[in-house]
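Data block for entry-v5.txt (compact mmCIF, C-alpha atoms and all ligand atoms):
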```txt
# COMPACT_ATOMS: atom_id res chain seq x y z
CA MET A 1 22.13 0.62 -7.21
CA THR A 2 22.81 4.27 -7.92
CA LYS A 3 19.15 5.27 -7.87
CA GLN A 4 17.92 7.40 -4.99
CA PRO A 5 15.74 5.46 -2.58
CA LEU A 6 12.06 6.32 -2.72
CA VAL A 7 11.53 5.39 0.92
CA VAL A 8 13.97 5.92 3.76
CA ALA A 9 13.22 4.90 7.33
CA GLU A 10 15.77 5.73 10.00
CA GLY A 11 15.53 4.57 13.56
CA VAL A 12 11.73 4.56 13.58
CA ARG A 13 10.41 3.94 17.07
CA LYS A 14 6.80 3.80 18.20
CA VAL A 15 5.53 3.27 21.70
CA TYR A 16 1.77 2.92 22.18
CA PRO A 17 0.04 3.98 25.37
CA LYS A 18 0.53 1.36 28.11
CA GLY A 19 4.14 1.06 27.00
CA VAL A 20 3.91 -1.38 24.09
CA GLU A 21 7.04 -0.73 22.03
CA ALA A 22 5.62 -1.60 18.61
CA LEU A 23 8.71 -0.47 16.67
CA ARG A 24 12.17 -0.47 18.21
CA GLY A 25 14.26 1.62 15.85
CA VAL A 26 13.52 0.32 12.37
CA SER A 27 15.71 1.39 9.44
CA PHE A 28 15.49 0.42 5.79
CA GLU A 29 15.37 1.83 2.29
CA ALA A 30 13.16 0.93 -0.65
CA TYR A 31 14.05 1.81 -4.22
CA PRO A 32 11.91 2.78 -7.21
CA GLY A 33 10.32 -0.24 -8.83
CA GLU A 34 10.93 -2.59 -5.91
CA LEU A 35 8.37 -4.97 -4.44
CA VAL A 36 9.27 -5.25 -0.78
CA ALA A 37 7.48 -7.75 1.43
CA VAL A 38 7.19 -7.02 5.15
CA ARG A 39 6.91 -10.33 6.89
CA GLY A 40 6.30 -11.07 10.54
CA ARG A 41 3.89 -12.73 12.92
CA SER A 42 0.74 -11.02 14.03
CA GLY A 43 1.75 -8.29 16.46
CA SER A 44 5.30 -7.94 15.10
CA GLY A 45 4.68 -4.33 14.05
CA LYS A 46 3.89 -4.58 10.31
CA THR A 47 0.82 -2.34 10.38
CA THR A 48 2.50 0.15 12.67
CA LEU A 49 5.49 0.37 10.34
CA LEU A 50 3.36 0.83 7.21
CA ASN A 51 1.30 3.50 8.97
CA MET A 52 4.47 5.42 9.84
CA ILE A 53 5.76 5.20 6.25
CA GLY A 54 2.42 6.28 4.80
CA GLY A 55 2.07 9.18 7.21
CA LEU A 56 -1.09 7.76 8.79
CA ASP A 57 0.57 7.98 12.19
CA ARG A 58 3.72 9.55 13.59
CA PRO A 59 6.65 7.81 15.25
CA ASP A 60 8.02 8.83 18.65
CA GLU A 61 11.56 8.81 17.32
CA GLY A 62 13.28 8.52 13.98
CA ARG A 63 12.49 9.83 10.54
CA VAL A 64 10.70 8.72 7.40
CA GLU A 65 11.31 10.09 3.92
CA VAL A 66 9.12 9.41 0.89
CA ALA A 67 10.03 10.78 -2.54
CA GLY A 68 12.49 13.23 -0.99
CA ARG A 69 10.02 14.60 1.53
CA THR A 70 10.43 14.15 5.24
CA VAL A 71 7.07 12.68 6.16
CA THR A 72 7.82 12.86 9.87
CA GLU A 73 8.22 16.65 9.75
CA LEU A 74 5.32 17.59 7.49
CA PRO A 75 2.40 19.52 8.93
CA GLU A 76 -0.98 17.83 8.62
CA ALA A 77 -2.11 19.63 5.43
CA ALA A 78 1.09 18.83 3.54
CA LEU A 79 0.89 15.26 4.77
CA LEU A 80 -2.62 14.97 3.36
CA GLU A 81 -1.36 16.17 0.00
CA LEU A 82 1.58 13.79 0.03
CA ARG A 83 -0.73 10.86 0.78
CA ARG A 84 -3.15 11.91 -1.94
CA ASP A 85 -0.52 12.51 -4.64
CA MET A 86 2.29 10.09 -3.89
CA ILE A 87 0.93 7.10 -2.00
CA GLY A 88 -1.70 4.48 -2.81
CA PHE A 89 -3.15 2.42 0.04
CA VAL A 90 -4.60 -1.08 -0.11
CA PHE A 91 -6.09 -2.72 2.97
CA GLN A 92 -7.14 -6.21 3.98
CA SER A 93 -10.82 -5.24 4.07
CA PHE A 94 -10.79 -3.57 0.60
CA GLY A 95 -12.42 -0.38 1.90
CA LEU A 96 -14.70 0.20 -1.07
CA ILE A 97 -17.75 2.44 -0.83
CA PRO A 98 -20.73 0.03 -1.03
CA VAL A 99 -23.18 2.34 -2.83
CA LEU A 100 -20.71 3.18 -5.61
CA SER A 101 -19.94 1.08 -8.70
CA ALA A 102 -16.44 -0.24 -9.34
CA ALA A 103 -15.83 2.65 -11.74
CA GLU A 104 -17.11 5.24 -9.27
CA ASN A 105 -14.94 3.81 -6.50
CA VAL A 106 -11.84 4.04 -8.68
CA GLY A 107 -12.85 7.58 -9.63
CA VAL A 108 -13.01 8.87 -6.05
CA PRO A 109 -9.32 9.88 -5.79
CA LEU A 110 -9.58 11.58 -9.19
CA ARG A 111 -12.47 13.68 -7.93
CA LEU A 112 -10.34 14.71 -4.97
CA THR A 113 -7.64 15.99 -7.33
CA ARG A 114 -10.33 17.58 -9.54
CA ALA A 115 -9.30 15.74 -12.69
CA ALA A 116 -11.39 16.71 -15.74
CA VAL A 117 -14.38 14.41 -16.30
CA ALA A 118 -13.17 12.99 -19.64
CA GLU A 119 -9.71 12.36 -18.25
CA ARG A 120 -11.19 10.74 -15.16
CA GLU A 121 -13.40 8.39 -17.15
CA GLU A 122 -10.53 7.44 -19.42
CA ARG A 123 -8.21 6.71 -16.49
CA VAL A 124 -10.87 4.71 -14.64
CA ARG A 125 -11.48 2.55 -17.70
CA MET A 126 -7.74 2.05 -18.21
CA LEU A 127 -7.18 1.09 -14.56
CA LEU A 128 -10.07 -1.35 -14.35
CA THR A 129 -8.90 -2.95 -17.58
CA LEU A 130 -5.38 -3.14 -16.16
CA VAL A 131 -6.63 -5.15 -13.17
CA GLY A 132 -8.80 -7.37 -15.39
CA LEU A 133 -12.19 -5.84 -14.59
CA GLY A 134 -12.94 -3.99 -17.80
CA ASP A 135 -16.22 -5.89 -18.05
CA HIS A 136 -17.30 -5.20 -14.46
CA MET A 137 -17.11 -1.42 -14.35
CA ASN A 138 -20.70 -0.85 -13.31
CA GLN A 139 -21.03 -3.51 -10.64
CA ARG A 140 -21.22 -2.58 -6.99
CA PRO A 141 -18.87 -4.19 -4.47
CA TYR A 142 -21.51 -6.68 -3.25
CA GLU A 143 -21.88 -7.90 -6.84
CA LEU A 144 -18.17 -8.76 -6.98
CA SER A 145 -16.11 -11.55 -5.41
CA GLY A 146 -13.53 -10.76 -2.71
CA GLY A 147 -10.70 -11.02 -5.21
CA GLN A 148 -12.52 -8.72 -7.63
CA GLN A 149 -13.19 -6.21 -4.85
CA GLN A 150 -9.50 -6.16 -4.01
CA ARG A 151 -8.70 -5.60 -7.70
CA VAL A 152 -10.99 -2.57 -7.63
CA ALA A 153 -9.21 -1.32 -4.51
CA ILE A 154 -5.85 -1.78 -6.22
CA ALA A 155 -7.07 0.11 -9.29
CA ARG A 156 -8.27 2.89 -7.01
CA SER A 157 -4.93 3.02 -5.19
CA LEU A 158 -3.21 3.70 -8.53
CA ALA A 159 -5.65 6.40 -9.69
CA ASN A 160 -3.41 9.38 -8.96
CA ARG A 161 -0.26 7.68 -10.26
CA PRO A 162 1.38 7.22 -6.86
CA ARG A 163 5.09 6.54 -6.54
CA LEU A 164 4.49 4.27 -3.55
CA LEU A 165 1.93 1.55 -2.95
CA ILE A 166 1.35 0.48 0.64
CA ALA A 167 -0.60 -2.76 1.04
CA ASP A 168 -1.34 -4.08 4.52
CA GLU A 169 -2.14 -7.80 4.28
CA PRO A 170 -4.02 -7.26 1.01
CA THR A 171 -4.75 -10.97 0.70
CA GLY A 172 -5.72 -11.61 4.32
CA GLN A 173 -9.40 -12.13 3.50
CA LEU A 174 -8.88 -14.16 0.33
CA ASP A 175 -8.53 -17.88 -0.34
CA SER A 176 -5.00 -18.99 -1.20
CA HIS A 177 -5.60 -19.25 -4.95
CA THR A 178 -7.08 -15.75 -5.17
CA ALA A 179 -4.38 -14.46 -2.82
CA LEU A 180 -1.69 -15.65 -5.21
CA GLN A 181 -3.47 -13.96 -8.14
CA ILE A 182 -3.67 -10.67 -6.26
CA MET A 183 0.01 -10.84 -5.33
CA GLN A 184 0.89 -11.61 -8.95
CA LEU A 185 -1.18 -8.60 -9.99
CA LEU A 186 0.73 -6.39 -7.54
CA GLN A 187 4.00 -7.74 -8.89
CA ALA A 188 2.93 -7.06 -12.49
CA LEU A 189 1.86 -3.51 -11.58
CA VAL A 190 5.16 -2.79 -9.88
CA ARG A 191 6.84 -3.87 -13.11
CA SER A 192 4.52 -2.04 -15.53
CA GLU A 193 3.88 1.16 -13.57
CA GLY A 194 7.32 1.45 -11.97
CA VAL A 195 5.87 2.05 -8.51
CA THR A 196 7.50 0.88 -5.31
CA ALA A 197 5.34 -1.44 -3.23
CA LEU A 198 5.54 -2.28 0.46
CA VAL A 199 3.36 -5.30 1.14
CA ALA A 200 2.78 -6.73 4.60
CA THR A 201 1.98 -10.42 4.54
CA HIS A 202 2.80 -13.56 6.42
CA ASP A 203 2.01 -15.93 3.58
CA PRO A 204 5.24 -17.71 2.52
CA LYS A 205 3.91 -18.42 -0.98
CA LEU A 206 3.36 -14.74 -1.64
CA ILE A 207 6.72 -13.74 -0.21
CA THR A 208 8.49 -15.54 -3.04
CA LEU A 209 7.10 -12.94 -5.47
CA ALA A 210 8.82 -10.06 -3.67
CA ASP A 211 12.17 -8.60 -4.69
CA ARG A 212 13.19 -8.23 -1.07
CA VAL A 213 11.88 -9.26 2.33
CA LEU A 214 12.01 -7.30 5.59
CA GLU A 215 11.53 -9.68 8.46
CA LEU A 216 9.98 -8.01 11.50
CA HIS A 217 10.21 -9.59 14.90
CA ASP A 218 8.85 -7.82 17.97
CA GLY A 219 9.21 -4.43 16.32
CA ALA A 220 12.73 -4.86 14.96
CA ILE A 221 14.04 -5.94 11.55
CA MET A 222 15.69 -9.31 12.03
CA GLN A 223 17.00 -9.79 8.55
CA GLU A 224 16.76 -8.43 5.09
CA THR A 225 16.82 -11.04 2.39
CA ALA A 226 16.48 -11.22 -1.32
CA ALA A 227 13.35 -13.24 -1.97
P1 LIG B 301 1.05 -6.50 12.98
O1 LIG B 301 0.48 -5.62 11.96
O2 LIG B 301 2.38 -7.10 12.60
O3 LIG B 301 0.09 -7.54 13.45
P2 LIG B 301 0.81 -4.18 14.71
O4 LIG B 301 1.67 -3.10 14.14
O5 LIG B 301 -0.63 -4.10 14.49
O6 LIG B 301 1.40 -5.60 14.27
O7 LIG B 301 1.05 -4.21 16.29
C1 LIG B 301 2.33 -4.19 16.90
C2 LIG B 301 2.17 -4.15 18.41
O8 LIG B 301 1.59 -2.90 18.79
C3 LIG B 301 1.26 -5.23 18.98
O9 LIG B 301 1.77 -5.61 20.23
C4 LIG B 301 -0.08 -4.52 19.12
O10 LIG B 301 -0.83 -5.11 20.13
C5 LIG B 301 0.35 -3.12 19.48
N1 LIG B 301 -0.60 -2.09 19.01
C6 LIG B 301 -0.97 -1.89 17.73
N2 LIG B 301 -1.83 -0.85 17.62
C7 LIG B 301 -2.00 -0.38 18.88
C8 LIG B 301 -2.77 0.69 19.45
N3 LIG B 301 -3.50 1.51 18.69
N4 LIG B 301 -2.69 0.86 20.78
C9 LIG B 301 -1.94 0.06 21.57
N5 LIG B 301 -1.19 -0.95 21.10
C10 LIG B 301 -1.22 -1.17 19.76
MG MG B 302 -1.30 -5.74 10.89
```

Please rewrite the model in this file as structure tokens.
Ligand code: ADP
Ligand code: MG
Amino acid sequence: MTKQPLVVAEGVRKVYPKGVEALRGVSFEAYPGELVAVRGRSGSGKTTLLNMIGGLDRPDEGRVEVAGRTVTELPEAALLELRRDMIGFVFQSFGLIPVLSAAENVGVPLRLTRAAVAEREERVRMLLTLVGLGDHMNQRPYELSGGQQQRVAIARSLANRPRLLIADEPTGQLDSHTALQIMQLLQALVRSEGVTALVATHDPKLITLADRVLELHDGAIMQETAA
């Protein structure tokens, strides 16, 4: 591939207080339009790695680059901007605001970037339609199933047209049928929107949908395989 990588991790090391070495020098690259699964048992360092890539936490050693910017050297304000403009986050627990409708939840990032109201409404409608919830725009999270809530969260993560999607066990709270649908949705979005996705999961069925698999074991990449 001659394309520039969107994500570069080089020798990323993280030691938590009490001496837990959560990452022991992790290096990899992810390219535009790739769906990369991060697999590993609970405690293998998946969340820690994704947090370092997304600039939610800083490593003790090593460097991370996203879209040509060195995340590990950015001051806090620039990091905030990078996260807002370049990276979409999806979490196991959905993280929706309970008092807001699906549409309002998806609109939150667009308010942060001060998008014009008409543009915001148009993009919200487009995104919710994209994830199959065009008919559920005005429902609150508690009026939606778990799978639907995660679809709203995915729509929200795409609001500002990120280059990178970081999903930490996005199907961890869903039954296996819904989990497969969500993973298929992520795969389709990677294809249609051209984003790069890093998805932590330990579900073997979902891993088969990835383009590539990073296998983490005790904080180190054991192997990199084509899925
Ligand atoms: P995974 O997401 O694969 O389950 P984590 O990245 O959450 O793994 O954790 C990797 C290791 O780091 C584990 O041993 C975990 O107990 C430890 N760890 C994670 N977060 C913290 C923290 N905030 N403080 C101390 N240890 C932590
Ligand atoms: Mg985790």

Closest to Asn138 in chain A among A:Thr113, A:Asn105, A:Ser42, A:Asn160, using all atoms listed in the file?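 Nearest to Asn138 in chain A: A:Asn105.
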
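Nearest to Gly107 in chain A of all the residues A:Arg123, A:Leu49, A:Ser176, A:Met222 is A:Arg123, based on only C-alpha atoms.
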
Could you check how far CA of Arg63 in chain A sits from CA of Asp211 in chain A, in Å to one decimal?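 So the answer is 23.9 Å.
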
Please identify every polymer residue within 8 Å of ligand LIG 301 (chain B), using only C-alpha atoms and all ligand atoms, and present the set as a PDB file with C-alpha atoms, keeping the file's coordinate frame.
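Just written: part.pdb:
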```pdb
ATOM      1  CA  VAL A  15       5.530   3.270  21.700  1.00  0.00           C
ATOM      2  CA  TYR A  16       1.770   2.920  22.180  1.00  0.00           C
ATOM      3  CA  PRO A  17       0.040   3.980  25.370  1.00  0.00           C
ATOM      4  CA  LYS A  18       0.530   1.360  28.110  1.00  0.00           C
ATOM      5  CA  VAL A  20       3.910  -1.380  24.090  1.00  0.00           C
ATOM      6  CA  GLU A  21       7.040  -0.730  22.030  1.00  0.00           C
ATOM      7  CA  ALA A  22       5.620  -1.600  18.610  1.00  0.00           C
ATOM      8  CA  LEU A  23       8.710  -0.470  16.670  1.00  0.00           C
ATOM      9  CA  ARG A  39       6.910 -10.330   6.890  1.00  0.00           C
ATOM     10  CA  GLY A  40       6.300 -11.070  10.540  1.00  0.00           C
ATOM     11  CA  ARG A  41       3.890 -12.730  12.920  1.00  0.00           C
ATOM     12  CA  SER A  42       0.740 -11.020  14.030  1.00  0.00           C
ATOM     13  CA  GLY A  43       1.750  -8.290  16.460  1.00  0.00           C
ATOM     14  CA  SER A  44       5.300  -7.940  15.100  1.00  0.00           C
ATOM     15  CA  GLY A  45       4.680  -4.330  14.050  1.00  0.00           C
ATOM     16  CA  LYS A  46       3.890  -4.580  10.310  1.00  0.00           C
ATOM     17  CA  THR A  47       0.820  -2.340  10.380  1.00  0.00           C
ATOM     18  CA  THR A  48       2.500   0.150  12.670  1.00  0.00           C
ATOM     19  CA  LEU A  49       5.490   0.370  10.340  1.00  0.00           C
ATOM     20  CA  ASP A 168      -1.340  -4.080   4.520  1.00  0.00           C
ATOM     21  CA  ALA A 200       2.780  -6.730   4.600  1.00  0.00           C
ATOM     22  CA  LEU A 216       9.980  -8.010  11.500  1.00  0.00           C
ATOM     23  CA  ASP A 218       8.850  -7.820  17.970  1.00  0.00           C
ATOM     24  CA  GLY A 219       9.210  -4.430  16.320  1.00  0.00           C
TER      25      GLY A 219
END
```

Judged by all atoms listed in the file, the minimum distance to ligand MG 302 (chain B) among A:Thr208, A:Thr201, A:Gln148, A:Gln223 is found for A:Thr201

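CA of Leu185 in chain A sits 21.8 Å away from CA of Val7 in chain A.
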
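Near (2.9, 6.0, -8.1), the residues inside the 8 Å limit, counting only C-alpha atoms, come to Met86, Ile87, Gly88, Leu158, Asn160, Arg161, Pro162, Arg163, Leu164, Leu165, Glu193, Gly194, Val195 and Thr196 of chain A.
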
Computed gap from CA of Gln92 in chain A to CA of Leu74 in chain A is 27.1 Å

Distance cut-off 10 Å, centre (14.0, 8.5, 14.1) in file coordinates, counting only C-alpha atoms: which residues qualify? Return them as a VMD selection string. chain A and resid 9 to 14 25 to 27 59 to 64 72

Can you work out which one of A:Leu100, A:Val38, A:Val108, A:Leu133 has the shortest atom-to-atom distance to ligand MG 302 (chain B), counting all atoms listed in the file?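 Closest to ligand MG 302 (chain B) of all the choices is A:Val38.
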
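Checking A:Ala210, A:Gly132, A:Arg84, A:Phe94 one by one against Arg114 in chain A, counting all atoms listed in the file, you find the shortest gap at A:Arg84.
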
Nearest to ligand MG 302 (chain B) by atom-to-atom distance, counting only C-alpha atoms and all ligand atoms, from A:Pro204, A:Gly55, A:Gly172, A:Pro32: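 Of all the options, A:Gly172 lies closest to ligand MG 302 (chain B).
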
Near Asn51 in chain A, within 9 Å and counting only C-alpha atoms, which residues show up once chain neighbours fewer than 6 positions away are dropped, as a VMD selection string? chain A and resid 57 to 58 166
